[in-house]
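Structure below is work-v4.cif: mmCIF, C-alpha atoms and all ligand atoms.
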data_work
#
loop_
_atom_site.label_atom_id
_atom_site.label_comp_id
_atom_site.auth_asym_id
_atom_site.auth_seq_id
_atom_site.Cartn_x
_atom_site.Cartn_y
_atom_site.Cartn_z
CA MET A 1 -9.46 -0.70 14.06
CA VAL A 2 -9.08 -0.39 10.30
CA GLU A 3 -10.78 3.00 10.45
CA ALA A 4 -8.51 4.15 13.27
CA TYR A 5 -5.46 3.19 11.26
CA GLN A 6 -6.76 5.01 8.20
CA ALA A 7 -7.48 8.19 10.12
CA LEU A 8 -3.97 8.05 11.51
CA LYS A 9 -2.45 7.47 8.09
CA HIS A 10 -4.21 10.51 6.66
CA SER A 11 -3.08 12.71 9.52
CA TYR A 12 0.52 11.65 9.14
CA ARG A 13 0.48 12.44 5.43
CA ASN A 14 0.41 16.11 6.32
CA TYR A 15 3.98 15.70 7.52
CA ASP A 16 5.56 14.59 4.25
CA THR A 17 9.27 15.26 4.30
CA LYS A 18 11.20 16.44 1.27
CA VAL A 19 12.72 12.97 0.89
CA ALA A 20 9.25 11.41 0.94
CA LEU A 21 7.96 13.85 -1.68
CA ARG A 22 10.93 13.25 -3.96
CA ARG A 23 10.52 9.49 -3.71
CA MET A 24 6.79 9.61 -4.37
CA GLN A 25 7.45 11.72 -7.45
CA ALA A 26 10.19 9.39 -8.71
CA LEU A 27 7.95 6.37 -8.19
CA ARG A 28 4.99 8.05 -9.93
CA ARG A 29 7.10 8.98 -12.94
CA SER A 30 8.64 5.52 -13.18
CA VAL A 31 5.25 3.79 -13.01
CA GLN A 32 3.96 6.20 -15.70
CA GLU A 33 6.94 5.41 -17.89
CA LEU A 34 6.34 1.67 -17.49
CA ASN A 35 2.68 2.20 -18.41
CA ARG A 36 3.80 4.05 -21.54
CA ARG A 37 5.88 1.02 -22.47
CA GLY A 38 2.68 -1.03 -22.36
CA TYR A 39 2.92 -2.54 -18.87
CA ALA A 40 0.07 -1.36 -16.70
CA ILE A 41 1.00 -1.57 -13.05
CA ALA A 42 0.14 0.18 -9.81
CA LEU A 43 1.79 0.13 -6.40
CA GLU A 44 0.50 0.33 -2.88
CA LEU A 45 3.19 1.73 -0.61
CA LEU A 46 3.27 0.53 2.96
CA GLY A 47 5.52 1.46 5.83
CA SER A 48 7.32 4.72 6.33
CA LEU A 49 6.70 6.28 2.92
CA ASN A 50 3.02 5.79 3.55
CA PHE A 51 3.35 7.96 6.63
CA GLY A 52 5.44 10.55 4.88
CA LEU A 53 8.20 10.60 7.44
CA VAL A 54 11.03 9.23 5.39
CA GLU A 55 14.72 9.71 5.96
CA SER A 56 17.23 8.97 3.25
CA SER A 57 18.17 5.66 4.89
CA SER A 58 14.60 4.31 4.95
CA ASP A 59 13.51 1.42 2.77
CA VAL A 60 10.33 1.49 0.72
CA ASP A 61 7.90 -1.39 1.25
CA CYS A 62 5.39 -1.96 -1.50
CA ILE A 63 2.80 -4.21 -3.10
CA LEU A 64 2.83 -4.57 -6.88
CA LEU A 65 -0.48 -4.80 -8.77
CA HIS A 66 -0.41 -5.96 -12.39
CA TYR A 67 -2.23 -7.98 -15.05
CA CYS A 68 -1.10 -11.58 -15.48
CA HIS A 69 -2.91 -13.97 -17.83
CA GLU A 70 -0.70 -16.85 -16.84
CA HIS A 71 -1.96 -16.97 -13.26
CA LEU A 72 -5.54 -15.92 -13.89
CA HIS A 73 -7.18 -19.06 -12.56
CA GLU A 74 -4.90 -19.66 -9.64
CA GLY A 75 -5.79 -16.36 -8.05
CA GLU A 76 -2.18 -15.89 -7.03
CA CYS A 77 0.92 -14.83 -8.91
CA GLY A 78 3.39 -15.11 -6.10
CA LEU A 79 6.69 -13.28 -5.97
CA GLY A 80 8.24 -15.85 -8.33
CA CYS A 81 5.88 -15.02 -11.23
CA PRO A 82 8.09 -14.32 -14.31
CA ASN A 83 5.70 -11.59 -15.57
CA MET A 84 5.87 -9.84 -12.25
CA ILE A 85 9.66 -10.16 -12.07
CA PHE A 86 10.01 -8.70 -15.57
CA LYS A 87 7.89 -5.64 -14.75
CA ARG A 88 9.54 -5.21 -11.36
CA ASP A 89 13.00 -5.20 -12.94
CA GLN A 90 11.89 -2.75 -15.64
CA LEU A 91 10.47 -0.50 -12.96
CA LEU A 92 13.67 -0.65 -10.92
CA SER A 93 15.84 0.22 -13.88
CA ILE A 94 13.64 3.20 -14.85
CA LEU A 95 13.68 4.32 -11.24
CA LYS A 96 17.45 4.07 -11.13
CA GLU A 97 17.70 6.43 -14.12
CA LYS A 98 15.31 8.88 -12.55
CA THR A 99 16.90 9.00 -9.11
CA ARG A 100 20.53 9.35 -10.11
CA GLY A 101 22.62 9.58 -6.99
CA GLU A 102 19.78 9.06 -4.58
CA THR A 103 19.11 5.35 -4.55
CA PHE A 104 16.87 3.60 -2.10
CA HIS A 105 15.97 -0.01 -1.51
CA ILE A 106 12.51 -1.22 -2.47
CA GLU A 107 11.10 -4.31 -0.88
CA PHE A 108 8.27 -5.98 -2.81
CA LEU A 109 6.17 -7.65 -0.13
CA ASP A 110 3.39 -9.08 -2.27
CA VAL A 111 1.91 -9.09 -5.75
CA LEU A 112 -1.76 -9.01 -6.77
CA ASN A 113 -3.19 -9.99 -10.13
CA LEU A 114 -5.77 -7.45 -11.37
CA LYS A 115 -6.87 -10.01 -13.99
CA TYR A 116 -8.04 -12.20 -11.15
CA ILE A 117 -9.94 -9.31 -9.58
CA GLU A 118 -11.71 -8.67 -12.91
CA HIS A 119 -12.47 -12.37 -13.19
CA TRP A 120 -13.85 -12.44 -9.64
CA LEU A 121 -16.06 -9.41 -10.27
CA GLU A 122 -17.52 -10.97 -13.42
CA ALA A 123 -18.01 -14.50 -12.07
CA ASP A 124 -21.52 -15.61 -11.12
CA SER A 125 -20.33 -18.16 -8.64
CA LYS A 126 -17.49 -16.41 -6.87
CA PRO A 127 -14.11 -18.14 -6.73
CA GLU A 128 -11.68 -17.92 -3.79
CA HIS A 129 -11.90 -14.45 -2.29
CA GLU A 130 -8.73 -14.32 -0.20
CA PRO A 131 -6.85 -12.32 -2.89
CA ILE A 132 -9.80 -9.91 -2.94
CA MET A 133 -9.51 -9.45 0.82
CA ARG A 134 -5.81 -8.72 0.42
CA PHE A 135 -6.51 -6.22 -2.33
CA LEU A 136 -8.94 -4.38 -0.05
CA PHE A 137 -6.53 -4.61 2.85
CA TYR A 138 -3.64 -3.09 0.94
CA ARG A 139 -5.96 -0.40 -0.40
CA PHE A 140 -6.93 0.51 3.17
CA LEU A 141 -3.39 0.35 4.43
CA GLY A 142 -1.37 1.79 1.62
CA ARG A 143 -0.57 4.86 -0.38
CA PRO A 144 -1.30 4.34 -4.06
CA VAL A 145 0.91 5.02 -7.06
CA ASN A 146 -1.24 5.06 -10.22
CA ARG A 147 -4.54 5.06 -8.36
CA PRO A 148 -6.70 5.36 -11.54
CA LEU A 149 -5.71 1.81 -12.51
CA VAL A 150 -7.21 0.25 -9.37
CA ILE A 151 -9.85 2.61 -8.04
CA HIS A 152 -12.77 1.31 -10.14
CA TYR A 153 -12.16 -2.27 -8.93
CA TYR A 154 -12.14 -0.97 -5.42
CA GLU A 155 -15.41 0.91 -5.92
CA GLN A 156 -17.14 -2.15 -7.36
CA LEU A 157 -16.02 -4.29 -4.44
CA GLU A 158 -16.99 -1.65 -1.93
CA ALA A 159 -20.55 -1.68 -3.33
CA ASN A 160 -20.93 -5.28 -2.12
CA PRO A 161 -22.10 -5.01 1.52
CA GLU A 162 -21.68 -8.70 2.28
CA LEU A 163 -18.08 -8.66 1.06
CA MET A 164 -17.35 -5.50 3.04
CA ARG A 165 -18.74 -7.08 6.21
CA GLU A 166 -16.37 -9.97 5.75
CA PHE A 167 -13.56 -7.58 5.01
CA HIS A 168 -14.14 -5.72 8.24
CA GLU A 169 -13.41 -8.91 10.17
CA TYR A 170 -10.49 -9.87 7.93
CA GLY A 171 -9.03 -6.36 8.01
CA SER A 172 -8.90 -6.16 11.80
CA GLN A 173 -7.15 -9.51 12.07
CA ALA A 174 -4.75 -8.78 9.26
CA LEU A 175 -3.91 -5.41 10.77
CA SER A 176 -3.07 -6.93 14.17
CA ALA A 177 -0.86 -9.48 12.44
CA TYR A 178 0.83 -6.77 10.36
CA ILE A 179 1.52 -4.65 13.41
CA GLN A 180 2.93 -7.54 15.40
CA THR A 181 5.16 -8.93 12.68
CA SER A 182 6.64 -5.80 11.19
CA GLY A 183 7.95 -4.02 14.24
CA HIS A 184 5.26 -1.54 13.48
CA ARG A 185 4.85 -0.23 17.01
CA HIS A 186 8.55 0.51 17.05
CA SER A 187 8.10 2.49 13.83
CA PHE A 188 5.38 4.58 15.37
CA THR A 189 7.68 5.59 18.18
CA LYS A 190 10.25 6.49 15.56
CA TYR A 191 7.72 8.54 13.60
CA ASN A 192 6.93 10.56 16.66
CA GLU A 193 10.57 11.13 17.45
CA ARG A 194 11.05 12.36 13.91
CA ILE A 195 8.07 14.66 14.07
CA GLN A 196 9.41 16.13 17.26
CA SER A 197 12.93 16.52 15.90
CA HIS A 198 11.48 18.35 12.91
CA GLN A 199 9.92 20.59 15.53
CA ILE A 200 6.48 20.18 14.14
CA ARG A 201 3.91 20.48 16.84
CA LEU A 202 1.42 17.65 16.71
CA PRO A 203 -2.15 18.83 16.65
CA ARG A 204 -4.25 17.62 19.55
CA ASP A 205 -6.51 15.47 17.36
CA LEU A 206 -3.54 13.61 15.90
CA ILE A 207 -2.24 12.79 19.37
CA GLU A 208 -5.73 11.61 20.22
CA GLU A 209 -5.86 9.42 17.11
CA LEU A 210 -2.48 7.92 17.86
CA ARG A 211 -3.58 7.13 21.38
CA ASN A 212 -6.83 5.53 20.16
CA TYR A 213 -4.92 3.52 17.64
CA LEU A 214 -2.42 2.19 20.16
CA ASP A 215 -5.25 1.36 22.60
CA LEU A 216 -7.04 -0.60 19.93
CA GLU A 217 -3.85 -2.38 19.10
CA GLN A 218 -3.60 -3.77 22.63
CA GLN A 219 -7.06 -5.33 22.55
ZN ZN B 301 1.58 -14.13 -12.65
#
Turn the structure described in the file into structure tokens.
Amino acid sequence: MVEAYQALKHSYRNYDTKVALRRMQALRRSVQELNRRGYAIALELLGSLNFGLVESSSDVDCILLHYCHEHLHEGECGLGCPNMIFKRDQLLSILKEKTRGETFHIEFLDVLNLKYIEHWLEADSKPEHEPIMRFLFYRFLGRPVNRPLVIHYYEQLEANPELMREFHEYGSQALSAYIQTSGHRHSFTKYNERIQSHQIRLPRDLIEELRNYLDLEQQ
């Protein structure tokens, strides 16, 4: 199921609208600027920007990845973490400067601590791995901004076959939950309406992938 979703995501990317491209660029530049100020962060974008079919009224859903010493041993930062809030607000103010006139709402759905991921990778007896599962899940699901910051963690985790077997199970369950709770199926119908109204003809294999995906979803 995770693979079906990924294949679908990649196919949809070919239909990036101008609004989606502009937003991706603004987000990339803002994240770069924040990195230059000494705050290394990355984003995983979920939802409509991930699929490229954005209209100016769409929100952006994202996951923030950062380094937080304060919450290293807890595994979780949580959306109330002051370090996260500081970087988020910095990012939003840079973004506001860069997108003068064309504002859009960003929803931060979750935050992951890359310090914890480093700690987990180095530990001999592995601590709680739920945050690791979420990291992998968002990586599978999302569209990255500042990919170089996270890709080497991902590659190290991917080289662990036992972990990946567990992730396969976790990923399928998490994906069903995500689809059911986020009105995701409704979004897919919307995506297709938009593709049609842009008069882009869907290639046969994309229709096939969409059908496979929706079949899997009903299982
Ligand atoms: Zn924190």
Using all atoms listed in the file, find each residue with an atom at most 8 Å away from ligand ZN 301 (chain B) and format the answer as a PDB file with C-alpha atoms, keeping the file's coordinate frame.
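Dumped everything to result-v9.pdb:
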ATOM      1  CA  TYR A  67      -2.230  -7.980 -15.050  1.00  0.00           C
ATOM      2  CA  CYS A  68      -1.100 -11.580 -15.480  1.00  0.00           C
ATOM      3  CA  HIS A  69      -2.910 -13.970 -17.830  1.00  0.00           C
ATOM      4  CA  GLU A  70      -0.700 -16.850 -16.840  1.00  0.00           C
ATOM      5  CA  HIS A  71      -1.960 -16.970 -13.260  1.00  0.00           C
ATOM      6  CA  LEU A  72      -5.540 -15.920 -13.890  1.00  0.00           C
ATOM      7  CA  GLU A  76      -2.180 -15.890  -7.030  1.00  0.00           C
ATOM      8  CA  CYS A  77       0.920 -14.830  -8.910  1.00  0.00           C
ATOM      9  CA  GLY A  78       3.390 -15.110  -6.100  1.00  0.00           C
ATOM     10  CA  CYS A  81       5.880 -15.020 -11.230  1.00  0.00           C
ATOM     11  CA  PRO A  82       8.090 -14.320 -14.310  1.00  0.00           C
ATOM     12  CA  ASN A  83       5.700 -11.590 -15.570  1.00  0.00           C
ATOM     13  CA  MET A  84       5.870  -9.840 -12.250  1.00  0.00           C
ATOM     14  CA  ASN A 113      -3.190  -9.990 -10.130  1.00  0.00           C
TER      15      ASN A 113
END
Give me, as a list in words, all polymer residues having an atom no more than 12 Å from Lys96 in chain A, counting all atoms listed in the file and skipping those fewer than 5 positions away in the same chain.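 Counting only the stated atoms, we get Arg23, Ala26, Leu27, Arg29, Ser30, Asp89, Gln90, Leu91, Gly101, Glu102, Thr103, Phe104, His105 and Ile106 of chain A.
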CA of Asn146 in chain A to CA of Glu44 in chain A, straight-line distance in Å: 8.9 Å
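With distances restricted to only C-alpha atoms, A:Leu34 is the closest residue to Leu95 in chain A from A:Leu21, A:Ala7, A:Leu136, A:Leu34.
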CA of Leu149 in chain A to CA of Ile41 in chain A, distance in Å rounded to a single decimal: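 A separation of 7.5 Å between them.
Here CA of Asp59 in chain A stands at a distance of 24.0 Å from CA of Val150 in chain A.
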Find the spatial neighbours of range 138-142 of chain A, counting only C-alpha atoms, within a cut-off of 6 Å - ignore same-chain residues fewer than 3 positions away - and output them as a ChimeraX atom specification. /A:44-46,135
Within 12 Å of (-14.1, -3.4, -9.3) (file coordinates; all atoms listed in the file), which protein or nucleic acid residues are there? I'd like them as a PyMOL selection string. chain A and resi 114-122+132+135-136+148-160
Excluding Ile63 in chain A and residues on its chain fewer than 5 positions from it, collect all residues at most 6 Å away from it, counting only C-alpha atoms, and give them as number ranges by chain. A: 43-44, 108-111
Would you give the centre and edge lengths, in Å to one decimal, of a box along x, y and z around the listed atoms of range 155-162 of chain A, with 3 Å added to each side, as lines of an AutoDock Vina configuration file?
center_x = -18.8
center_y = -3.9
center_z = -2.5
size_x = 12.7
size_y = 15.6
size_z = 15.6
Of the listed residues A:Leu65, A:Arg36, A:His73, A:Phe86, that which approaches Arg134 in chain A most closely, counting all atoms listed in the file: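 Among A:Leu65, A:Arg36, A:His73, A:Phe86, it is A:Leu65 that comes nearest to Arg134 in chain A.
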